[in-house]
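Participant: This is the structure I have questions about; it appears just below.
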Amino acid sequence: MQGGRKIKSSLLLSVAVAALGLQQLQAQQKAVYLDPAQPLNARVNDLISKLTLEEKVAQMLDQSAPVQRLNIPAYSWWNEALHGVGRSGPATVFPQAIGLAATFDDDLAQREATAISDEARAMYNAAIAQNHYVKYGGLTFWTPNINIFRDPRWGRGQETYGEDPYLTSRMGVAFVKGLQGNDPKYLKVAACAKHYAVHSGPEKLRHEFNAEASPQDLRETYLPAFHALVNAKVEAVMCAYNSTNGEPCCGNTFLLNDVLRKEWGFRGHVVSDCGALDDLYQGHKVVKTKTEAAVLALQRGVNLNCGDTYSELTGAVKQGMLKEAQLDSSLAVLLRTRFKLGLFDPKGMTPYDQIPTSVINSAEHRQLAKEVALKSVVLLKNNGVLPLRNDLGKYFVTGPNATSVDALLGNYYGVNGQMTTILEGLVAGVRPGSQIEYKQGMLLDRPNVNPIDWTTGEAKLTDATIVVMGITGLLEGEEGESIASSHAGDRLDYNLPQNQIDFLKKLRKDNKHPLIAVVTGGSPMNLAEVHELCDAVLLTWYPGEEGGSAVADIIFGKASPSGKLPVTFPKSLDQLPAYESYGMKGRTYRYMDAEPLYPFGYGLSYAKFEYASLKLSSKKLAKGKPVEVEATVKNTGTMAGEEVVQLYLTHTARKGSQTPLYSLKSFKRVSLQPGASTTVRFTLTPDMLALINEKGLAVAPTGLVKVWVAGSLPSQRSQELGAAKAAMATLAAK
């Protein structure tokens with residue numbers, strides 16, 4: 001009987017627990033925060049009211065803990081999508097961001113980001129269906145990187161859209177739109193503008209470095225892209241590791257409060273770079289303890305901590321260092337993002353809940369990756385050997401990056417099982433009956449140990465040699481990732497590894513057959529000897545999963561190269577100011593007086609373009625009125641091609657002040673058949689015509705303004721390299 005009573009008691013207890021669970025579930029179903037029909041702020045505030053102090057703090061860490069009693073699962077805020085969903089499941093791998101910038105095609109950037117966000121949602125849908133809530137598995141993506149690539153030594157410059165604030169703004173806005181979607185209620189994924197602000201090396205010093213920038217450089221160079229993305233309603237902004245003008249970026253009153261929140265009206269959340277709040281007391285030493293760092297960051301406007309510094313907030317509230325109401329206000333800003341992603345709504349409520357896994361690395365996305373790669377490749381030199389026929393007797397492929405997957409990836413990458421190396425693309429591109437031989441020939445960054453050379457002699461016996469060289473993410477990137485870099489990912493030596501140049505010289509000696517260099521990398525490098533030794537030079541960046549196919553199509557003439565340099569290639573680092581200097585004088589095409597190796601905006605084509613008949617709607621600038629610009633572009637060559645038509649201004653009147661030599665103000669892609677021409681039109685608004693003065697204020701132009709339309713920077717060096725002569729007209733201001 002005693003055993004029977006125990007069984008009965010156990011059954012009664014189980015029924016009671018089940019009833020209590022049902023009551024809790026019913027109560028939660030009635031809760032405001034779970035009701036999609038309720039206003040967003042009401043839902044956020046209702047959820048916060050149900051959380052304990054410890055639970056609130058846990059939601060402000062990048063790996064947010066679950067709240068079982070409220071049926072809130074764990075959530076990973078840290079996700080990457082720089083050029084495809086990164087560090088997660090199989091995904092389409094697009095060309096690195098600097099390669100996307102070389103397309104000068106913001107419509108293409110938006111289409112790429114749309115494909116990436118499709119894949120991100122599909123991965124998330126599949127993961128939560130299996131109850132997987134793991135790191136890099138969320139919908140908040142810390143992309144894009146819109147820092148200005150002001151110095152080629154910075155290893156992470158490959159993540160950016162180059163050195164120009166206008167190009168960076170256009171590409172960044174398009175990428176955000178593609179990621180976040182256009183639904184009026186729900187975010188497809190949440191994008192993030194990083195690293196705010198004035199952040200571009202040195203990588204090794206980033207946890208303690210102070211970047212000093214004048215008001216003019218801030219407003220003219222370092223802040224415009226962030227402002228543009230805020231106007232495009234980017235959901236998040238990441239504060240940088242370094243200090244700017246004496247205050248750590250993740251505790252910077254001017255940047256976070258005065259500019260971002262008050263001046264620009266940003267309503268999204270601010271996330272720290274990973275470990276950046278530890279730098280407040282360990283690197284910058286503006287406070288003494290971890291708790292003080294947490295309090296300072298929260299009070300200055302950081303809503304989410306990548307790291308564990310915010311775990312100290314519980315104690316800070318209990319000690320009276322911080323009011324719980326302050327924490328609630330910051331958490332409310334952060335939680336709005338999760339609600340806008342639909343993470344507290346029933347399955348099927350968002351228009352993205354049913355995106356299938358079949359979109360991941362689909363044939364359509366692979367074709368898009370190839371389109372980006374084709375448009376990103378920059379033809380730096382061609383003495384007439386390209387395009388090659390694909391039916392020659394024999395081709396020889398050599399070099400350390402011909403079979404390298406690393407040379408396709410760059411950093412912050414995804415992976416999949418169908419990566420097409422450059423060798424594979426070339427092999428697939430030759431016709432039956434032709435031979436193609438491969439030997440690596442040399443190592444990436446050090447001399448061969450074995451002195452026997454079976455490569456250069458054989459290469460000279462073939463009809464054409466293609467040497468795939470350059471650098472990879474082993475030599476440039478972020479601290480900790482570039483494992484072959486002795487400078488924490490930065491490239492303090494501007495030259496290519498000397499063994500590559502020595503090998504190239506051996507290939508060239510006594511060799512009258514075409515020698516073609518295919519150069520991989522994400523930053524400017526000294527290609528002077530490569531340019532001299534080779535008949536043609538192609539810069540491919542890190543071209544993604546279809547990189548090999550794209551390179552082959554260009555080499556064999558199935559497509560004409562149309563990429564343009566989004567960053568200046570100086571002849572040497574001696575032409576630049578010190579790496580640690582953030583003043584713009586002497587930097588980038590806008591302020592560099594010295595003649596570069598390759599100028600900004602430069603890139604050759606198999607087509608031949610000419611510019612003529614530049615017309616302005618008015619020869620005099622009227623206050624507050626736009627100016628219409630039009631120019632004729634003609635393809636006088638024998639092959640079809642696409643041209644990036646670029647509009648630049650030169651202000652001539654501000655003597656004695658820091659005035660850009662040239663400023664890119666717009667660009668458009670046009671496609672022209674042989675003999676065809678088109679009229680390209682631009683509108684110059686008063687904002688575009690204005691200058692930024694020493695106080696950081698926009699002022700109307702004075703004197704004469706030169707208006708240029710060209711396929712490259714309208715400089716003498718561009719014409720020396722074979723770019724078309726620019727069309728120019730003069731506009732008179734007051």
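Letters for chains follow the order of the structure tokens (A, B, ...), residue numbers begin at 1 for each chain, and ligand numbers begin at 1 in the order shown.
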Residues of segment 264-302 of chain A within 9 Å of segment 189-199 of chain A: nearest atom pair and distance (Å, one decimal) for each, counting only C-alpha atoms, sorted by chain and number, as CSV?
Facilitator:
residue,atom,partner,partner_atom,distance
A:Val270,CA,A:Cys192,CA,8.8
A:Val271,CA,A:Cys192,CA,8.8
A:Asp273,CA,A:His195,CA,7.7
Participant: Show which residues sit within 8 Å of segment 439-448 of chain A, as a list in words. Count only C-alpha atoms, and ignore same-chain residues fewer than 5 positions away.
Facilitator: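 Here the answer would be Val397, Thr398, Gly399, Pro400, Asn401, Ala402, Asp453, Trp454, Thr455, Thr456, Met469, Gly470, Ile471, Pro497, Gln498, Asn499, Gln500 and Phe503 of chain A.
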Participant: May I ask which of the residues A:Pro66, A:Gly89, A:Pro346, A:Pro248 is the closest one to Gly414 of chain A, counting only C-alpha atoms?
Facilitator: A:Gly89
Participant: Could you write out, as a ChimeraX atom specification, all the residues of segment 228-394 of chain A that DSSP marks as strand (DSSP E)?
Facilitator: /A:236-239,243-244,247-248,269-272,378-382,394
Participant: With N, CA, C and O atoms retained, write the just-selected residues as a PDB file, in the first residue's frame.
Facilitator:
ATOM      1  N   ALA A 236      22.819  48.934 -36.641  1.00  0.00           N
ATOM      2  CA  ALA A 236      23.821  48.951 -35.578  1.00  0.00           C
ATOM      3  C   ALA A 236      25.066  49.700 -36.025  1.00  0.00           C
ATOM      4  O   ALA A 236      25.346  49.822 -37.219  1.00  0.00           O
ATOM      5  N   VAL A 237      25.801  50.183 -35.035  1.00  0.00           N
ATOM      6  CA  VAL A 237      27.101  50.815 -35.252  1.00  0.00           C
ATOM      7  C   VAL A 237      28.066  50.200 -34.249  1.00  0.00           C
ATOM      8  O   VAL A 237      27.739  50.065 -33.065  1.00  0.00           O
ATOM      9  N   MET A 238      29.242  49.817 -34.713  1.00  0.00           N
ATOM     10  CA  MET A 238      30.259  49.240 -33.833  1.00  0.00           C
ATOM     11  C   MET A 238      31.316  50.287 -33.522  1.00  0.00           C
ATOM     12  O   MET A 238      31.911  50.870 -34.431  1.00  0.00           O
ATOM     13  N   CYS A 239      31.554  50.521 -32.225  1.00  0.00           N
ATOM     14  CA  CYS A 239      32.621  51.441 -31.833  1.00  0.00           C
ATOM     15  C   CYS A 239      33.960  50.720 -31.864  1.00  0.00           C
ATOM     16  O   CYS A 239      34.064  49.535 -31.543  1.00  0.00           O
ATOM     17  N   SER A 243      41.369  55.007 -29.565  1.00  0.00           N
ATOM     18  CA  SER A 243      40.846  56.312 -29.174  1.00  0.00           C
ATOM     19  C   SER A 243      40.834  57.218 -30.402  1.00  0.00           C
ATOM     20  O   SER A 243      41.603  57.026 -31.342  1.00  0.00           O
ATOM     21  N   THR A 244      39.945  58.193 -30.383  1.00  0.00           N
ATOM     22  CA  THR A 244      39.938  59.242 -31.398  1.00  0.00           C
ATOM     23  C   THR A 244      39.992  60.590 -30.696  1.00  0.00           C
ATOM     24  O   THR A 244      39.146  60.890 -29.843  1.00  0.00           O
ATOM     25  N   GLU A 247      39.952  60.258 -26.716  1.00  0.00           N
ATOM     26  CA  GLU A 247      38.920  59.546 -25.971  1.00  0.00           C
ATOM     27  C   GLU A 247      38.639  58.206 -26.649  1.00  0.00           C
ATOM     28  O   GLU A 247      38.416  58.163 -27.856  1.00  0.00           O
ATOM     29  N   PRO A 248      38.639  57.083 -25.896  1.00  0.00           N
ATOM     30  CA  PRO A 248      38.366  55.779 -26.509  1.00  0.00           C
ATOM     31  C   PRO A 248      37.039  55.794 -27.259  1.00  0.00           C
ATOM     32  O   PRO A 248      36.048  56.350 -26.779  1.00  0.00           O
ATOM     33  N   HIS A 269      21.262  50.311 -32.250  1.00  0.00           N
ATOM     34  CA  HIS A 269      22.103  50.025 -31.091  1.00  0.00           C
ATOM     35  C   HIS A 269      23.585  50.125 -31.435  1.00  0.00           C
ATOM     36  O   HIS A 269      23.983  50.005 -32.594  1.00  0.00           O
ATOM     37  N   VAL A 270      24.365  50.379 -30.407  1.00  0.00           N
ATOM     38  CA  VAL A 270      25.822  50.464 -30.516  1.00  0.00           C
ATOM     39  C   VAL A 270      26.421  49.232 -29.874  1.00  0.00           C
ATOM     40  O   VAL A 270      26.089  48.879 -28.726  1.00  0.00           O
ATOM     41  N   VAL A 271      27.314  48.553 -30.596  1.00  0.00           N
ATOM     42  CA  VAL A 271      28.007  47.374 -30.085  1.00  0.00           C
ATOM     43  C   VAL A 271      29.496  47.674 -30.013  1.00  0.00           C
ATOM     44  O   VAL A 271      30.050  48.358 -30.877  1.00  0.00           O
ATOM     45  N   SER A 272      30.140  47.186 -28.972  1.00  0.00           N
ATOM     46  CA  SER A 272      31.591  47.353 -28.872  1.00  0.00           C
ATOM     47  C   SER A 272      32.285  46.351 -29.772  1.00  0.00           C
ATOM     48  O   SER A 272      31.774  45.246 -30.006  1.00  0.00           O
ATOM     49  N   VAL A 378      41.002  43.929 -62.214  1.00  0.00           N
ATOM     50  CA  VAL A 378      41.564  45.147 -62.791  1.00  0.00           C
ATOM     51  C   VAL A 378      42.736  44.777 -63.701  1.00  0.00           C
ATOM     52  O   VAL A 378      43.693  44.130 -63.266  1.00  0.00           O
ATOM     53  N   LEU A 379      42.637  45.184 -64.956  1.00  0.00           N
ATOM     54  CA  LEU A 379      43.736  44.994 -65.902  1.00  0.00           C
ATOM     55  C   LEU A 379      44.685  46.177 -65.771  1.00  0.00           C
ATOM     56  O   LEU A 379      44.360  47.302 -66.141  1.00  0.00           O
ATOM     57  N   LEU A 380      45.872  45.919 -65.201  1.00  0.00           N
ATOM     58  CA  LEU A 380      46.835  46.979 -64.930  1.00  0.00           C
ATOM     59  C   LEU A 380      47.769  47.238 -66.104  1.00  0.00           C
ATOM     60  O   LEU A 380      48.254  48.359 -66.288  1.00  0.00           O
ATOM     61  N   LYS A 381      48.024  46.219 -66.891  1.00  0.00           N
ATOM     62  CA  LYS A 381      48.906  46.370 -68.053  1.00  0.00           C
ATOM     63  C   LYS A 381      48.502  45.354 -69.105  1.00  0.00           C
ATOM     64  O   LYS A 381      48.117  44.230 -68.782  1.00  0.00           O
ATOM     65  N   ASN A 382      48.610  45.751 -70.360  1.00  0.00           N
ATOM     66  CA  ASN A 382      48.392  44.815 -71.462  1.00  0.00           C
ATOM     67  C   ASN A 382      49.085  45.374 -72.701  1.00  0.00           C
ATOM     68  O   ASN A 382      48.673  46.388 -73.245  1.00  0.00           O
ATOM     69  N   LYS A 394      50.373  25.054 -76.207  1.00  0.00           N
ATOM     70  CA  LYS A 394      50.639  24.690 -74.818  1.00  0.00           C
ATOM     71  C   LYS A 394      50.694  25.935 -73.942  1.00  0.00           C
ATOM     72  O   LYS A 394      51.265  26.953 -74.323  1.00  0.00           O
TER      73      LYS A 394
END
Participant: Restricting the calculation to only C-alpha atoms, which member of A:Thr462, A:Asn147, A:Thr168, A:Ser715 is positioned closest to Tyr662 of chain A?
Facilitator: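 Smallest separation from Tyr662 of chain A among the options: A:Ser715.
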Participant: Going by DSSP on the backbone, which bits of segment 404-621 of chain A are alpha helix (DSSP H)? Write them as a PyMOL selection string, please.
Facilitator: chain A and resi 406-409+422-429+456-459+498-508+528-533+547-555+588-591
Participant: Skip Glu220 of chain A itself and residues of its chain fewer than 3 positions away, then list as a list in words all residues within 8 Å of it, counting only C-alpha atoms.
Facilitator: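 The neighbour list is Pro165, Gln216, Asp217, Leu223, Pro224, Ile692 and Gly696 of chain A.
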Participant: Interatomic distance between atom CA of Leu672 of chain A and atom CA of Ala729 of chain A?
Facilitator: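 Calculated distance between atom CA of Leu672 of chain A and atom CA of Ala729 of chain A is 23.9 Å.
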Participant: Leaving out segment 621-626 of chain A and any residue of its chain fewer than 2 positions from it, which residues lie within 10 Å of it when counting only C-alpha atoms, given as a VMD selection string?
Facilitator: chain A and resid 617 to 619 628 to 629 683 to 689 700 to 705 731 to 734
Participant: Restricted to N, CA, C and O atoms, what would the selected residues look like written as a short mmCIF file (atom, residue, chain, number, x, y, z; two decimals), in the first residue's frame?
Facilitator:
data_model
loop_
_atom_site.label_atom_id
_atom_site.label_comp_id
_atom_site.auth_asym_id
_atom_site.auth_seq_id
_atom_site.Cartn_x
_atom_site.Cartn_y
_atom_site.Cartn_z
N SER A 617 24.92 72.40 -67.63
CA SER A 617 23.66 73.13 -67.81
C SER A 617 23.83 74.62 -67.59
O SER A 617 23.02 75.43 -68.06
N SER A 618 24.89 74.99 -66.87
CA SER A 618 25.20 76.40 -66.65
C SER A 618 26.69 76.55 -66.46
O SER A 618 27.34 75.68 -65.86
N LYS A 619 27.25 77.63 -66.98
CA LYS A 619 28.68 77.89 -66.79
C LYS A 619 28.94 78.61 -65.47
O LYS A 619 30.08 78.72 -65.03
N GLU A 628 23.60 70.33 -64.05
CA GLU A 628 23.50 69.09 -64.83
C GLU A 628 24.76 68.93 -65.67
O GLU A 628 25.24 69.89 -66.29
N VAL A 629 25.30 67.71 -65.68
CA VAL A 629 26.53 67.40 -66.42
C VAL A 629 26.24 66.26 -67.39
O VAL A 629 25.59 65.28 -67.02
N THR A 683 24.05 64.73 -62.01
CA THR A 683 23.57 65.95 -61.38
C THR A 683 24.48 66.30 -60.22
O THR A 683 24.66 65.49 -59.30
N LEU A 684 25.07 67.48 -60.28
CA LEU A 684 25.89 67.99 -59.19
C LEU A 684 25.02 68.86 -58.28
O LEU A 684 24.57 69.93 -58.67
N THR A 685 24.75 68.37 -57.08
CA THR A 685 23.93 69.12 -56.13
C THR A 685 24.81 70.11 -55.37
O THR A 685 26.04 69.99 -55.35
N PRO A 686 24.18 71.09 -54.70
CA PRO A 686 24.98 72.02 -53.89
C PRO A 686 25.84 71.32 -52.84
O PRO A 686 26.97 71.75 -52.58
N ASP A 687 25.32 70.25 -52.25
CA ASP A 687 26.11 69.50 -51.26
C ASP A 687 27.36 68.90 -51.90
O ASP A 687 28.43 68.86 -51.27
N MET A 688 27.23 68.41 -53.11
CA MET A 688 28.37 67.80 -53.79
C MET A 688 29.41 68.84 -54.19
O MET A 688 30.61 68.55 -54.26
N LEU A 689 28.94 70.05 -54.46
CA LEU A 689 29.85 71.11 -54.87
C LEU A 689 30.54 71.80 -53.70
O LEU A 689 31.55 72.49 -53.86
N ALA A 700 30.19 76.96 -49.45
CA ALA A 700 29.99 77.03 -50.90
C ALA A 700 31.32 77.31 -51.59
O ALA A 700 32.20 77.98 -51.04
N PRO A 701 31.49 76.80 -52.80
CA PRO A 701 32.76 77.02 -53.52
C PRO A 701 32.89 78.45 -53.99
O PRO A 701 31.91 79.18 -54.14
N THR A 702 34.12 78.85 -54.23
CA THR A 702 34.42 80.15 -54.83
C THR A 702 35.37 79.92 -56.00
O THR A 702 36.03 78.89 -56.09
N GLY A 703 35.44 80.91 -56.88
CA GLY A 703 36.37 80.81 -57.99
C GLY A 703 35.94 79.79 -59.02
O GLY A 703 34.74 79.53 -59.20
N LEU A 704 36.92 79.17 -59.69
CA LEU A 704 36.64 78.21 -60.75
C LEU A 704 36.64 76.78 -60.21
O LEU A 704 37.48 76.42 -59.39
N VAL A 705 35.71 75.99 -60.73
CA VAL A 705 35.64 74.57 -60.38
C VAL A 705 35.76 73.78 -61.68
O VAL A 705 34.95 73.95 -62.61
N LEU A 731 33.36 75.43 -64.32
CA LEU A 731 32.19 76.04 -63.71
C LEU A 731 32.66 77.21 -62.86
O LEU A 731 33.58 77.06 -62.05
N ALA A 732 32.05 78.36 -63.04
CA ALA A 732 32.45 79.54 -62.28
C ALA A 732 31.55 79.71 -61.07
O ALA A 732 30.33 79.81 -61.20
N ALA A 733 32.16 79.74 -59.88
CA ALA A 733 31.43 80.05 -58.66
C ALA A 733 31.63 81.53 -58.35
O ALA A 733 32.21 82.28 -59.14
N LYS A 734 31.19 81.97 -57.19
CA LYS A 734 31.32 83.39 -56.82
C LYS A 734 32.79 83.79 -56.72
O LYS A 734 33.60 83.06 -56.19
#
Participant: What lies within 8 Å of Thr357 of chain A using only C-alpha atoms, ignoring chain neighbours under 6 positions off, as an MDAnalysis selection string?
Facilitator: chainID A and resid 119 122:123 126
Participant: Keeping C-alpha atoms for every residue in the selection just given, could you write it to a file as a CSV table (one decimal), in the first residue's frame?
Facilitator:
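So selection_10.csv came out as:
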chain,number,residue,atom,x,y,z
A,119,GLU,CA,21.4,32.6,-47.2
A,122,ALA,CA,17.9,30.1,-44.6
A,123,MET,CA,20.7,29.0,-42.4
A,126,ALA,CA,17.4,25.4,-40.5
Participant: Rank nothing, just name the residue among A:Leu341, A:Leu409, A:Val633, A:Val427 nearest to Gln96 of chain A, using only C-alpha atoms.
Facilitator: A:Leu409
Participant: Could you name the residues that touch Tyr591 of chain A at 7 Å or less, counting only C-alpha atoms, but leaving out those on the same chain fewer than 6 positions away, as a PyMOL selection string?
Facilitator: chain A and resi 584-585+660-661
Participant: Write out, as a tab-separated table (two decimals), in the first residue's frame, the residues just selected, with all heavy atoms.
Facilitator:
chain	number	residue	atom	x	y	z
A	584	MET	N	45.18	63.87	-43.49
A	584	MET	CA	45.02	63.44	-44.87
A	584	MET	C	46.04	64.06	-45.82
A	584	MET	O	46.16	63.61	-46.97
A	584	MET	CB	43.61	63.78	-45.35
A	584	MET	CG	42.53	62.90	-44.74
A	584	MET	SD	42.86	61.12	-44.90
A	584	MET	CE	42.85	60.95	-46.68
A	585	LYS	N	46.77	65.06	-45.38
A	585	LYS	CA	47.76	65.67	-46.26
A	585	LYS	C	48.75	64.62	-46.77
A	585	LYS	O	49.36	63.89	-46.00
A	585	LYS	CB	48.52	66.77	-45.51
A	585	LYS	CG	49.50	67.53	-46.39
A	585	LYS	CD	50.21	68.65	-45.62
A	585	LYS	CE	51.18	69.40	-46.51
A	585	LYS	NZ	51.88	70.48	-45.78
A	660	PRO	N	41.23	69.30	-51.64
A	660	PRO	CA	41.53	68.10	-52.44
A	660	PRO	C	41.99	68.46	-53.85
A	660	PRO	O	41.47	69.40	-54.48
A	660	PRO	CB	40.20	67.36	-52.47
A	660	PRO	CG	39.45	67.84	-51.28
A	660	PRO	CD	39.86	69.27	-51.10
A	661	LEU	N	42.95	67.72	-54.36
A	661	LEU	CA	43.38	67.87	-55.74
A	661	LEU	C	42.26	67.45	-56.69
A	661	LEU	O	42.02	68.07	-57.72
A	661	LEU	CB	44.62	67.02	-56.01
A	661	LEU	CG	45.83	67.32	-55.12
A	661	LEU	CD1	46.91	66.26	-55.31
A	661	LEU	CD2	46.38	68.70	-55.41
Participant: Between A:Arg590, A:Arg717, A:Lys340, A:Lys706, single out the one closest to Arg150 of chain A, counting only C-alpha atoms.
Facilitator: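 Comparing A:Arg590, A:Arg717, A:Lys340, A:Lys706 against Arg150 of chain A, the winner is A:Arg590.
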